[in-house]
file final.txt (compact mmCIF, C-alpha atoms and all ligand atoms)
# COMPACT_ATOMS: atom_id res chain seq x y z
CA MET A 1 17.91 -37.05 -9.10
CA THR A 2 16.66 -38.59 -12.36
CA PRO A 3 14.63 -36.51 -14.88
CA SER A 4 11.48 -38.49 -14.03
CA ALA A 5 12.01 -37.92 -10.28
CA ILE A 6 12.40 -34.20 -10.99
CA SER A 7 9.16 -34.11 -13.04
CA LYS A 8 7.35 -35.92 -10.23
CA LEU A 9 8.67 -33.48 -7.65
CA ARG A 10 7.63 -30.46 -9.73
CA ARG A 11 4.11 -31.82 -10.25
CA ALA A 12 3.66 -32.65 -6.56
CA LEU A 13 4.97 -29.29 -5.40
CA LEU A 14 2.96 -27.21 -7.88
CA ALA A 15 -0.26 -29.15 -7.12
CA TRP A 16 0.30 -28.54 -3.40
CA TYR A 17 1.00 -24.85 -4.05
CA ARG A 18 -2.23 -24.39 -6.01
CA ARG A 19 -4.22 -25.95 -3.16
CA ARG A 20 -2.44 -24.59 -0.09
CA ARG A 21 -0.81 -21.27 -0.87
CA ARG A 22 -1.61 -18.33 1.35
CA ASP A 23 -3.64 -15.52 -0.16
CA LEU A 24 -1.00 -12.75 -0.03
CA PRO A 25 -1.67 -9.38 -1.70
CA TRP A 26 1.44 -9.45 -3.95
CA ARG A 27 0.34 -12.78 -5.41
CA SER A 28 -2.54 -11.19 -7.29
CA THR A 29 -0.39 -8.88 -9.42
CA ARG A 30 2.07 -9.17 -12.32
CA ASP A 31 3.15 -5.54 -11.96
CA PRO A 32 6.98 -5.72 -11.69
CA TYR A 33 7.04 -2.61 -9.48
CA ALA A 34 4.63 -4.14 -6.93
CA ILE A 35 6.45 -7.50 -7.04
CA TRP A 36 9.82 -5.81 -6.55
CA LEU A 37 8.43 -3.77 -3.64
CA SER A 38 7.08 -6.94 -1.96
CA GLU A 39 10.36 -8.79 -2.43
CA VAL A 40 12.38 -5.94 -0.92
CA MET A 41 10.01 -5.74 2.05
CA LEU A 42 10.10 -9.52 2.52
CA GLN A 43 13.90 -9.54 2.89
CA GLN A 44 14.46 -10.28 6.61
CA THR A 45 10.76 -9.73 7.44
CA ARG A 46 7.84 -12.14 7.79
CA ALA A 47 4.91 -11.94 5.35
CA ALA A 48 2.34 -11.15 8.06
CA ALA A 49 4.37 -8.12 9.19
CA VAL A 50 4.91 -6.95 5.60
CA ILE A 51 1.22 -6.93 4.49
CA PRO A 52 0.12 -3.62 6.13
CA TYR A 53 3.33 -1.87 5.03
CA TYR A 54 2.97 -3.16 1.48
CA GLU A 55 -0.64 -2.02 1.24
CA ARG A 56 0.11 1.38 2.76
CA PHE A 57 3.12 1.89 0.51
CA LEU A 58 1.22 0.99 -2.66
CA ALA A 59 -1.71 3.20 -1.65
CA ARG A 60 0.69 6.12 -1.18
CA PHE A 61 3.00 5.26 -4.13
CA PRO A 62 0.93 3.29 -6.67
CA THR A 63 3.56 3.65 -9.39
CA VAL A 64 7.34 3.73 -9.55
CA GLU A 65 7.04 7.33 -10.77
CA SER A 66 5.17 8.39 -7.63
CA LEU A 67 7.83 6.71 -5.44
CA ALA A 68 10.64 8.38 -7.37
CA ALA A 69 9.02 11.81 -6.97
CA ALA A 70 8.63 11.52 -3.16
CA PRO A 71 11.09 13.09 -0.69
CA GLU A 72 13.26 10.49 1.07
CA GLN A 73 11.87 11.48 4.48
CA VAL A 74 8.35 10.51 3.42
CA VAL A 75 9.60 7.14 2.14
CA LEU A 76 11.49 6.47 5.39
CA THR A 77 8.45 7.45 7.45
CA LEU A 78 6.25 4.94 5.63
CA TRP A 79 8.98 2.34 6.17
CA SER A 80 9.33 3.22 9.84
CA GLY A 81 8.93 0.10 12.01
CA LEU A 82 9.85 -2.36 9.25
CA GLY A 83 13.59 -2.14 10.05
CA TYR A 84 16.68 -2.44 7.83
CA TYR A 85 16.21 1.10 6.54
CA SER A 86 18.90 0.86 3.88
CA ARG A 87 16.28 -1.18 1.97
CA ALA A 88 13.98 1.87 1.82
CA ARG A 89 16.80 4.16 0.75
CA ASN A 90 17.92 1.80 -1.99
CA LEU A 91 14.33 1.29 -3.13
CA HIS A 92 13.95 5.02 -3.49
CA ARG A 93 17.26 5.43 -5.38
CA ALA A 94 16.35 2.53 -7.65
CA ALA A 95 12.91 4.05 -8.37
CA ARG A 96 14.64 7.23 -9.56
CA GLN A 97 16.94 5.21 -11.82
CA ILE A 98 13.98 3.31 -13.29
CA VAL A 99 12.15 6.55 -14.04
CA GLN A 100 15.29 7.96 -15.65
CA ARG A 101 15.72 4.92 -17.93
CA GLY A 102 12.03 5.12 -18.93
CA SER A 103 10.72 1.63 -18.01
CA PHE A 104 11.08 -1.15 -15.47
CA PRO A 105 14.11 -3.32 -16.36
CA GLY A 106 13.02 -6.58 -17.98
CA THR A 107 16.10 -8.84 -17.72
CA TYR A 108 17.79 -10.49 -14.75
CA ASP A 109 21.04 -8.53 -15.22
CA GLU A 110 19.25 -5.18 -15.48
CA ILE A 111 17.16 -5.89 -12.39
CA ARG A 112 20.26 -7.11 -10.51
CA ALA A 113 22.02 -3.81 -11.33
CA LEU A 114 19.45 -1.76 -9.36
CA PRO A 115 20.57 -0.43 -5.95
CA GLY A 116 19.79 -2.86 -3.14
CA VAL A 117 18.95 -5.76 -5.46
CA GLY A 118 20.92 -8.95 -4.85
CA ALA A 119 20.86 -12.26 -6.66
CA TYR A 120 17.80 -13.48 -4.74
CA THR A 121 15.61 -10.41 -5.38
CA ALA A 122 16.64 -10.23 -9.04
CA ALA A 123 15.73 -13.92 -9.57
CA ALA A 124 12.41 -13.50 -7.74
CA VAL A 125 11.35 -10.43 -9.74
CA ALA A 126 12.62 -11.82 -13.07
CA SER A 127 10.79 -15.13 -12.62
CA ILE A 128 7.55 -13.89 -11.04
CA ALA A 129 7.02 -10.72 -13.12
CA PHE A 130 8.63 -11.80 -16.42
CA ASP A 131 8.56 -15.66 -16.37
CA LEU A 132 12.34 -15.78 -16.77
CA PRO A 133 13.99 -19.05 -15.66
CA HIS A 134 16.06 -17.90 -12.68
CA ALA A 135 15.93 -20.01 -9.51
CA VAL A 136 15.68 -18.24 -6.16
CA LEU A 137 17.76 -19.22 -3.14
CA ASP A 138 16.52 -17.44 -0.03
CA GLY A 139 16.63 -18.81 3.52
CA ASN A 140 13.45 -20.85 3.06
CA VAL A 141 14.66 -22.40 -0.19
CA VAL A 142 18.08 -23.18 1.29
CA ARG A 143 16.35 -25.07 4.12
CA VAL A 144 14.08 -27.07 1.81
CA LEU A 145 16.86 -28.00 -0.62
CA SER A 146 19.38 -28.81 2.13
CA ARG A 147 16.91 -31.25 3.65
CA LEU A 148 15.75 -32.64 0.33
CA SER A 149 19.33 -33.51 -0.66
CA ALA A 150 20.71 -34.00 2.91
CA GLU A 151 23.40 -31.47 1.94
CA PRO A 152 26.35 -32.17 4.29
CA GLY A 153 28.30 -28.89 3.76
CA LEU A 154 28.07 -25.81 5.97
CA VAL A 155 25.51 -23.46 4.33
CA SER A 156 27.80 -20.52 4.95
CA ARG A 157 30.41 -21.98 2.57
CA SER A 158 30.46 -20.94 -1.06
CA GLU A 159 30.88 -24.54 -2.34
CA THR A 160 27.69 -25.54 -0.50
CA ARG A 161 25.79 -22.54 -1.92
CA ALA A 162 27.03 -23.46 -5.38
CA ARG A 163 25.69 -27.03 -4.97
CA LEU A 164 22.33 -25.73 -3.73
CA ASP A 165 22.23 -23.19 -6.57
CA ALA A 166 22.84 -25.98 -9.07
CA LEU A 167 20.11 -28.13 -7.50
CA ALA A 168 17.64 -25.20 -7.55
CA ALA A 169 18.43 -24.58 -11.23
CA ARG A 170 17.96 -28.30 -12.07
CA LEU A 171 14.59 -28.43 -10.35
CA LEU A 172 13.28 -25.19 -11.92
CA PRO A 173 10.84 -25.86 -14.81
CA ARG A 174 11.08 -23.74 -17.99
CA SER A 175 7.36 -23.05 -17.93
CA ALA A 176 5.99 -20.91 -15.08
CA PRO A 177 9.30 -20.69 -13.18
CA GLY A 178 7.84 -17.90 -11.02
CA SER A 179 5.12 -20.20 -9.65
CA PHE A 180 7.68 -22.92 -8.93
CA ASN A 181 9.99 -20.47 -7.12
CA GLN A 182 7.07 -19.22 -5.04
CA ALA A 183 6.00 -22.80 -4.31
CA VAL A 184 9.43 -23.74 -2.86
CA MET A 185 9.50 -20.54 -0.79
CA GLU A 186 5.95 -21.20 0.43
CA LEU A 187 6.84 -24.75 1.41
CA GLY A 188 9.78 -23.41 3.44
CA ALA A 189 7.64 -20.72 5.07
CA THR A 190 4.66 -22.90 6.01
CA VAL A 191 5.66 -26.62 6.07
CA CYS A 192 9.42 -27.13 6.06
CA LEU A 193 9.75 -25.03 9.20
CA PRO A 194 13.14 -24.39 10.82
CA ARG A 195 12.44 -26.17 14.13
CA ARG A 196 9.64 -28.65 13.55
CA PRO A 197 9.01 -29.35 9.89
CA LEU A 198 5.51 -30.68 9.18
CA CYS A 199 6.74 -33.60 7.11
CA LEU A 200 3.40 -35.43 7.22
CA GLN A 201 1.89 -32.55 5.21
CA CYS A 202 4.82 -32.21 2.81
CA PRO A 203 4.40 -33.03 -0.88
CA LEU A 204 8.14 -33.80 -1.11
CA ALA A 205 8.31 -36.25 1.81
CA ALA A 206 8.75 -39.30 -0.43
CA GLN A 207 11.85 -37.77 -2.05
CA CYS A 208 13.35 -35.99 0.94
CA LEU A 209 16.59 -37.64 2.10
CA ALA A 210 16.66 -35.86 5.49
CA HIS A 211 13.11 -37.08 6.20
CA GLN A 212 13.89 -40.64 5.10
CA ARG A 213 16.79 -40.68 7.57
CA GLY A 214 14.82 -38.98 10.35
CA LEU A 215 17.42 -36.18 10.44
CA GLU A 216 15.34 -33.15 9.36
CA SER A 217 16.53 -30.95 12.22
CA GLN A 218 20.20 -31.49 11.31
CA PHE A 219 19.85 -29.63 8.00
CA PRO A 220 20.84 -27.06 6.90
CA VAL A 221 24.24 -27.53 8.55
CA ARG A 222 25.14 -24.25 10.24
CA PRO A 223 28.12 -22.85 12.13
CA ALA A 224 27.63 -22.11 15.84
CA PRO A 225 25.38 -19.02 16.28
CA PRO A 226 27.09 -15.70 17.15
CA LYS A 227 27.10 -14.69 20.81
CA ILE A 228 24.36 -12.22 21.73
CA VAL A 229 25.82 -8.98 23.09
CA GLU A 230 23.74 -7.35 25.87
CA THR A 231 23.73 -3.53 25.97
CA GLU A 232 21.97 -1.16 28.36
CA GLN A 233 20.81 2.32 27.36
CA ARG A 234 18.78 5.04 29.04
CA LEU A 235 16.44 7.06 26.81
CA LEU A 236 15.22 10.46 27.93
CA ILE A 237 11.80 11.99 27.39
CA VAL A 238 12.42 15.73 27.63
CA THR A 239 9.33 17.80 26.92
CA ARG A 240 8.49 21.44 26.44
CA SER A 241 4.77 22.10 26.50
CA THR A 242 3.38 19.41 24.13
CA ARG A 243 6.67 18.89 22.27
CA VAL A 244 9.37 16.29 22.85
CA LEU A 245 13.10 16.49 22.19
CA LEU A 246 14.44 14.34 19.34
CA THR A 247 17.60 14.10 17.28
CA GLU A 248 18.29 12.88 13.77
CA ARG A 249 20.99 10.26 13.19
CA PRO A 250 23.60 11.26 10.59
CA ALA A 251 22.42 10.29 7.08
CA ASN A 252 25.67 8.37 6.47
CA SER A 253 25.43 6.38 9.72
CA VAL A 254 25.84 2.63 9.01
CA ARG A 255 22.95 1.82 11.33
CA LEU A 256 19.62 3.72 11.07
CA GLY A 257 21.09 6.65 9.11
CA GLY A 258 18.59 9.53 8.71
CA MET A 259 16.19 8.09 11.32
CA TRP A 260 15.00 10.15 14.30
CA GLU A 261 15.52 8.99 17.86
CA LEU A 262 15.23 10.06 21.49
CA PRO A 263 18.34 11.36 23.26
CA GLU A 264 20.35 8.92 25.35
CA SER A 265 21.47 10.10 28.77
CA GLY A 266 25.13 10.21 27.62
CA GLN A 267 24.20 12.76 24.96
CA LEU A 268 22.64 15.14 27.51
CA PRO A 269 24.98 15.25 30.54
CA ASP A 270 23.11 18.31 31.96
CA ALA A 271 19.73 16.59 31.98
CA VAL A 272 18.18 15.90 35.40
CA LEU A 273 16.29 12.60 35.67
CA VAL A 274 12.73 13.01 36.99
CA GLU A 275 10.73 9.78 36.79
CA PRO A 276 11.24 6.26 35.41
CA LEU A 277 8.56 5.30 32.86
CA GLY A 278 9.47 1.68 32.25
CA THR A 279 11.80 -0.61 30.36
CA PHE A 280 11.75 -2.65 27.18
CA ARG A 281 14.05 -4.80 25.11
CA HIS A 282 14.81 -4.52 21.44
CA ALA A 283 17.15 -6.83 19.52
CA ILE A 284 19.05 -5.82 16.40
CA VAL A 285 21.04 -8.58 14.68
CA SER A 286 23.23 -10.02 17.50
CA THR A 287 22.82 -7.16 20.00
CA SER A 288 20.08 -7.18 22.63
CA TYR A 289 19.37 -3.64 23.86
CA HIS A 290 17.79 -3.17 27.26
CA TYR A 291 16.26 0.31 27.40
CA GLU A 292 15.27 2.27 30.49
CA VAL A 293 12.99 5.22 29.75
CA TRP A 294 12.99 8.30 32.02
CA THR A 295 11.39 11.69 31.91
CA ALA A 296 14.05 14.36 32.36
CA LYS A 297 14.43 18.12 32.67
CA LEU A 298 16.87 20.13 30.64
CA PRO A 299 16.96 23.96 30.61
CA ARG A 300 18.49 24.33 27.18
CA PRO A 301 19.16 21.47 24.73
CA PRO A 302 22.53 21.46 22.94
CA GLN A 303 22.80 21.84 19.17
CA GLY A 304 21.57 18.98 17.03
CA PHE A 305 18.35 18.41 19.02
CA THR A 306 14.88 19.46 17.87
CA TRP A 307 11.54 19.98 19.62
CA CYS A 308 8.87 17.96 17.81
CA GLY A 309 5.09 18.19 18.21
CA ALA A 310 2.55 15.38 17.75
CA GLU A 311 2.05 16.12 14.07
CA GLU A 312 5.78 15.90 13.33
CA LEU A 313 6.00 12.63 15.27
CA GLY A 314 3.53 11.15 12.80
CA ARG A 315 5.59 12.35 9.84
CA LEU A 316 9.16 11.61 10.95
CA PRO A 317 10.93 8.30 10.37
CA LEU A 318 11.34 7.20 13.99
CA THR A 319 13.54 4.33 15.15
CA THR A 320 11.68 1.39 16.65
CA ALA A 321 13.27 2.12 20.05
CA ALA A 322 12.00 5.73 19.89
CA ARG A 323 8.49 4.53 19.01
CA LYS A 324 8.41 2.08 21.91
CA ALA A 325 9.73 4.68 24.37
CA LEU A 326 7.29 7.36 23.15
CA ARG A 327 4.46 4.90 23.59
CA LEU A 328 5.54 4.34 27.21
CA ALA A 329 5.45 8.12 27.67
CA GLY A 330 1.93 8.39 26.29
CA PHE A 331 2.86 9.77 22.87
CA VAL A 332 1.53 7.42 20.21
CA PRO A 333 3.06 8.42 16.93
CA ALA A 334 0.94 7.22 14.06
CA VAL A 335 2.35 6.77 10.55
CA SER A 336 1.06 9.51 8.28
CA HIS A 337 -0.76 8.10 5.23
CA LYS A 338 -0.68 11.32 3.28
S1 LIG A 401 9.82 -33.90 4.13
FE1 LIG A 401 10.05 -32.59 5.91
S2 LIG A 401 12.20 -31.99 5.92
FE2 LIG A 401 11.76 -32.81 3.88
S3 LIG A 401 11.24 -31.03 2.64
FE3 LIG A 401 9.33 -31.83 3.46
S4 LIG A 401 8.94 -30.72 5.39
FE4 LIG A 401 11.09 -30.40 4.79
call {"tool": "encode", "arguments": {"input": "final.txt", "output": "structure tokens", "more": "lines below"}}
Ligand code: SF4
result
Amino acid sequence: MTPSAISKLRRALLAWYRRRRRDLPWRSTRDPYAIWLSEVMLQQTRAAAVIPYYERFLARFPTVESLAAAPEQVVLTLWSGLGYYSRARNLHRAARQIVQRGSFPGTYDEIRALPGVGAYTAAAVASIAFDLPHAVLDGNVVRVLSRLSAEPGLVSRSETRARLDALAARLLPRSAPGSFNQAVMELGATVCLPRRPLCLQCPLAAQCLAHQRGLESQFPVRPAPPKIVETEQRLLIVTRSTRVLLTERPANSVRLGGMWELPESGQLPDAVLVEPLGTFRHAIVSTSYHYEVWTAKLPRPPQGFTWCGAEELGRLPLTTAARKALRLAGFVPAVSHK
């Protein structure tokens, strides 16, 4: 792409962004803590789902100091339902490091060194909060750039990523790089959609090679998707008076460590099933869980299980499966805002 074509592309994209961008709460701040929080929440999660969590989190922890001072359980509880809980744990650890060093890190390398911060998040925070010229390459940007350049390589390959990285860096202007990064991400999120890109509304249509060839849906080039594994599980609602039996997953568990969940029937071989309450599905990465929920009786729970009342349910970091099952059983755990 020639320098004049690049200038034209930047102007078109930034003009579109000024006119069409969504009004998202993290776009009205330059506070690096709030921008970092939004970027961590937005990893793997759509903006619409993030908004209430972001607002609740900032209301509870308005500063990095307040987040660092909170117990991990409270942080996990506020995160509960957003998924990928290692993000919350890393956020909390990083907040403590930031407080220890005395200020929010102000360079790409320092931001990148925080727990849970990868190249994408570091570039996003550095460019948006500090106007540093680091191009972002998240899933949306990869899609836009792959189509723009009709990139023929598999996106999972490092050579392809390197080419896309180089293209992103070439396109990034020195002035207001944060706005440009956000504009490319916004285009990917709202116009250059994975299945049916809205090319007629796209400010880059005239320069997009995939569009010129009518091959938008063939980019980015991906390997065959992994097979979905189907798993069945039976969750038990065992109650005593107004309390329900729960267990905490080991803190070092790879998946959902430190979260609270309902017992599965295999964990309570002495439980007697009483009544089916319903079923639901929940997918995590490439596993599709099919849950059956039953009320059950159990004279004495084994070690490692805890009776929890309604107030505790609102405070504990519950797994999404536990929340859904408790809702079926008529318990509606609300997230505590205190
Ligand atoms: S023209 Fe279509 S395929 Fe190309 S960047 Fe725009 S929306 Fe995506």
call {"tool": "closest_residue", "arguments": {"input": "final.txt", "among": "A:Arg222, A:Arg240, A:Arg112, A:Arg87", "to": "Arg255 in chain A", "atoms": "only C-alpha atoms"}}
result
A:Arg87
call {"tool": "residues_near_point", "arguments": {"input": "final.txt", "point": "(5.7, 4.0, -2.3)", "cutoff": "10 Å", "atoms": "all atoms listed in the file", "output": "JSON, numbers by chain"}}
result
{"A": [33, 34, 37, 53, 54, 55, 56, 57, 58, 59, 60, 61, 62, 63, 64, 65, 66, 67, 68, 69, 70, 74, 75, 76, 78, 79, 88, 91, 92, 95]}
call {"tool": "write_last_selection", "arguments": {"input": "final.txt", "atoms": "C-alpha atoms", "output": "PDB file, in the coordinates of the input"}}
result
ATOM      1  CA  TYR A  33       7.040  -2.610  -9.480  1.00  0.00           C
ATOM      2  CA  ALA A  34       4.630  -4.140  -6.930  1.00  0.00           C
ATOM      3  CA  LEU A  37       8.430  -3.770  -3.640  1.00  0.00           C
ATOM      4  CA  TYR A  53       3.330  -1.870   5.030  1.00  0.00           C
ATOM      5  CA  TYR A  54       2.970  -3.160   1.480  1.00  0.00           C
ATOM      6  CA  GLU A  55      -0.640  -2.020   1.240  1.00  0.00           C
ATOM      7  CA  ARG A  56       0.110   1.380   2.760  1.00  0.00           C
ATOM      8  CA  PHE A  57       3.120   1.890   0.510  1.00  0.00           C
ATOM      9  CA  LEU A  58       1.220   0.990  -2.660  1.00  0.00           C
ATOM     10  CA  ALA A  59      -1.710   3.200  -1.650  1.00  0.00           C
ATOM     11  CA  ARG A  60       0.690   6.120  -1.180  1.00  0.00           C
ATOM     12  CA  PHE A  61       3.000   5.260  -4.130  1.00  0.00           C
ATOM     13  CA  PRO A  62       0.930   3.290  -6.670  1.00  0.00           C
ATOM     14  CA  THR A  63       3.560   3.650  -9.390  1.00  0.00           C
ATOM     15  CA  VAL A  64       7.340   3.730  -9.550  1.00  0.00           C
ATOM     16  CA  GLU A  65       7.040   7.330 -10.770  1.00  0.00           C
ATOM     17  CA  SER A  66       5.170   8.390  -7.630  1.00  0.00           C
ATOM     18  CA  LEU A  67       7.830   6.710  -5.440  1.00  0.00           C
ATOM     19  CA  ALA A  68      10.640   8.380  -7.370  1.00  0.00           C
ATOM     20  CA  ALA A  69       9.020  11.810  -6.970  1.00  0.00           C
ATOM     21  CA  ALA A  70       8.630  11.520  -3.160  1.00  0.00           C
ATOM     22  CA  VAL A  74       8.350  10.510   3.420  1.00  0.00           C
ATOM     23  CA  VAL A  75       9.600   7.140   2.140  1.00  0.00           C
ATOM     24  CA  LEU A  76      11.490   6.470   5.390  1.00  0.00           C
ATOM     25  CA  LEU A  78       6.250   4.940   5.630  1.00  0.00           C
ATOM     26  CA  TRP A  79       8.980   2.340   6.170  1.00  0.00           C
ATOM     27  CA  ALA A  88      13.980   1.870   1.820  1.00  0.00           C
ATOM     28  CA  LEU A  91      14.330   1.290  -3.130  1.00  0.00           C
ATOM     29  CA  HIS A  92      13.950   5.020  -3.490  1.00  0.00           C
ATOM     30  CA  ALA A  95      12.910   4.050  -8.370  1.00  0.00           C
TER      31      ALA A  95
END
call {"tool": "closest_residue", "arguments": {"input": "final.txt", "among": "A:Glu110, A:Glu39, A:Asp23, A:Glu312", "to": "Gln73 in chain A", "atoms": "only C-alpha atoms"}}
result
A:Glu312
call {"tool": "residues_near_ligand", "arguments": {"input": "final.txt", "ligand": "ligand LIG 401 (chain A)", "cutoff": "6 Å", "atoms": "only C-alpha atoms and all ligand atoms", "output": "PDB file with C-alpha atoms, keeping the file's coordinate frame"}}
result
ATOM      1  CA  VAL A 144      14.080 -27.070   1.810  1.00  0.00           C
ATOM      2  CA  ARG A 147      16.910 -31.250   3.650  1.00  0.00           C
ATOM      3  CA  LEU A 148      15.750 -32.640   0.330  1.00  0.00           C
ATOM      4  CA  VAL A 191       5.660 -26.620   6.070  1.00  0.00           C
ATOM      5  CA  CYS A 192       9.420 -27.130   6.060  1.00  0.00           C
ATOM      6  CA  PRO A 197       9.010 -29.350   9.890  1.00  0.00           C
ATOM      7  CA  LEU A 198       5.510 -30.680   9.180  1.00  0.00           C
ATOM      8  CA  CYS A 199       6.740 -33.600   7.110  1.00  0.00           C
ATOM      9  CA  CYS A 202       4.820 -32.210   2.810  1.00  0.00           C
ATOM     10  CA  LEU A 204       8.140 -33.800  -1.110  1.00  0.00           C
ATOM     11  CA  ALA A 205       8.310 -36.250   1.810  1.00  0.00           C
ATOM     12  CA  CYS A 208      13.350 -35.990   0.940  1.00  0.00           C
ATOM     13  CA  ALA A 210      16.660 -35.860   5.490  1.00  0.00           C
ATOM     14  CA  HIS A 211      13.110 -37.080   6.200  1.00  0.00           C
ATOM     15  CA  GLU A 216      15.340 -33.150   9.360  1.00  0.00           C
TER      16      GLU A 216
END
call {"tool": "closest_residue", "arguments": {"input": "final.txt", "among": "A:Gln233, A:Thr247, A:Thr295, A:Thr306", "to": "Glu264 in chain A", "atoms": "all atoms listed in the file"}}
result
A:Gln233
call {"tool": "decode", "arguments": {"input": "final.txt", "residues": "range 168-183 of chain A", "atoms": "N, CA, C and O atoms", "output": "PDB file, in the first residue's frame"}}
result
ATOM      1  N   ALA A 168      -0.507  -3.773  10.513  1.00  0.00           N
ATOM      2  CA  ALA A 168      -1.143  -2.920  11.537  1.00  0.00           C
ATOM      3  C   ALA A 168      -0.207  -1.782  11.932  1.00  0.00           C
ATOM      4  O   ALA A 168      -0.639  -0.632  12.088  1.00  0.00           O
ATOM      5  N   ALA A 169       1.089  -2.090  12.066  1.00  0.00           N
ATOM      6  CA  ALA A 169       2.053  -1.048  12.454  1.00  0.00           C
ATOM      7  C   ALA A 169       2.193  -0.015  11.344  1.00  0.00           C
ATOM      8  O   ALA A 169       2.331   1.185  11.619  1.00  0.00           O
ATOM      9  N   ARG A 170       2.157  -0.445  10.066  1.00  0.00           N
ATOM     10  CA  ARG A 170       2.276   0.503   8.940  1.00  0.00           C
ATOM     11  C   ARG A 170       1.077   1.434   8.881  1.00  0.00           C
ATOM     12  O   ARG A 170       1.193   2.609   8.580  1.00  0.00           O
ATOM     13  N   LEU A 171      -0.080   0.894   9.172  1.00  0.00           N
ATOM     14  CA  LEU A 171      -1.304   1.716   9.076  1.00  0.00           C
ATOM     15  C   LEU A 171      -1.449   2.686  10.241  1.00  0.00           C
ATOM     16  O   LEU A 171      -2.114   3.713  10.134  1.00  0.00           O
ATOM     17  N   LEU A 172      -0.836   2.379  11.384  1.00  0.00           N
ATOM     18  CA  LEU A 172      -1.053   3.171  12.609  1.00  0.00           C
ATOM     19  C   LEU A 172      -0.449   4.574  12.475  1.00  0.00           C
ATOM     20  O   LEU A 172       0.745   4.709  12.221  1.00  0.00           O
ATOM     21  N   PRO A 173      -1.272   5.634  12.657  1.00  0.00           N
ATOM     22  CA  PRO A 173      -0.691   6.988  12.600  1.00  0.00           C
ATOM     23  C   PRO A 173       0.064   7.303  13.890  1.00  0.00           C
ATOM     24  O   PRO A 173      -0.219   6.725  14.937  1.00  0.00           O
ATOM     25  N   ARG A 174       1.017   8.240  13.791  1.00  0.00           N
ATOM     26  CA  ARG A 174       1.779   8.640  15.001  1.00  0.00           C
ATOM     27  C   ARG A 174       0.905   9.491  15.915  1.00  0.00           C
ATOM     28  O   ARG A 174       1.079   9.487  17.124  1.00  0.00           O
ATOM     29  N   SER A 175       0.007  10.273  15.295  1.00  0.00           N
ATOM     30  CA  SER A 175      -0.846  11.104  16.168  1.00  0.00           C
ATOM     31  C   SER A 175      -2.154  10.346  16.452  1.00  0.00           C
ATOM     32  O   SER A 175      -2.716   9.714  15.559  1.00  0.00           O
ATOM     33  N   ALA A 176      -2.585  10.399  17.675  1.00  0.00           N
ATOM     34  CA  ALA A 176      -3.817   9.732  18.143  1.00  0.00           C
ATOM     35  C   ALA A 176      -3.877   8.255  17.755  1.00  0.00           C
ATOM     36  O   ALA A 176      -4.875   7.796  17.184  1.00  0.00           O
ATOM     37  N   PRO A 177      -2.822   7.480  18.073  1.00  0.00           N
ATOM     38  CA  PRO A 177      -2.868   6.057  17.714  1.00  0.00           C
ATOM     39  C   PRO A 177      -3.979   5.307  18.448  1.00  0.00           C
ATOM     40  O   PRO A 177      -4.506   4.323  17.936  1.00  0.00           O
ATOM     41  N   GLY A 178      -4.335   5.793  19.657  1.00  0.00           N
ATOM     42  CA  GLY A 178      -5.393   5.123  20.418  1.00  0.00           C
ATOM     43  C   GLY A 178      -6.726   5.191  19.685  1.00  0.00           C
ATOM     44  O   GLY A 178      -7.467   4.207  19.630  1.00  0.00           O
ATOM     45  N   SER A 179      -7.034   6.358  19.095  1.00  0.00           N
ATOM     46  CA  SER A 179      -8.302   6.486  18.357  1.00  0.00           C
ATOM     47  C   SER A 179      -8.290   5.571  17.139  1.00  0.00           C
ATOM     48  O   SER A 179      -9.298   4.942  16.810  1.00  0.00           O
ATOM     49  N   PHE A 180      -7.143   5.510  16.456  1.00  0.00           N
ATOM     50  CA  PHE A 180      -7.069   4.656  15.259  1.00  0.00           C
ATOM     51  C   PHE A 180      -7.253   3.186  15.646  1.00  0.00           C
ATOM     52  O   PHE A 180      -8.016   2.453  15.003  1.00  0.00           O
ATOM     53  N   ASN A 181      -6.560   2.758  16.713  1.00  0.00           N
ATOM     54  CA  ASN A 181      -6.729   1.362  17.164  1.00  0.00           C
ATOM     55  C   ASN A 181      -8.192   1.067  17.477  1.00  0.00           C
ATOM     56  O   ASN A 181      -8.736   0.039  17.086  1.00  0.00           O
ATOM     57  N   GLN A 182      -8.820   1.995  18.184  1.00  0.00           N
ATOM     58  CA  GLN A 182     -10.228   1.768  18.551  1.00  0.00           C
ATOM     59  C   GLN A 182     -11.121   1.762  17.311  1.00  0.00           C
ATOM     60  O   GLN A 182     -12.113   1.029  17.255  1.00  0.00           O
ATOM     61  N   ALA A 183     -10.744   2.586  16.311  1.00  0.00           N
ATOM     62  CA  ALA A 183     -11.554   2.632  15.086  1.00  0.00           C
ATOM     63  C   ALA A 183     -11.495   1.287  14.357  1.00  0.00           C
ATOM     64  O   ALA A 183     -12.514   0.793  13.871  1.00  0.00           O
TER      65      ALA A 183
END
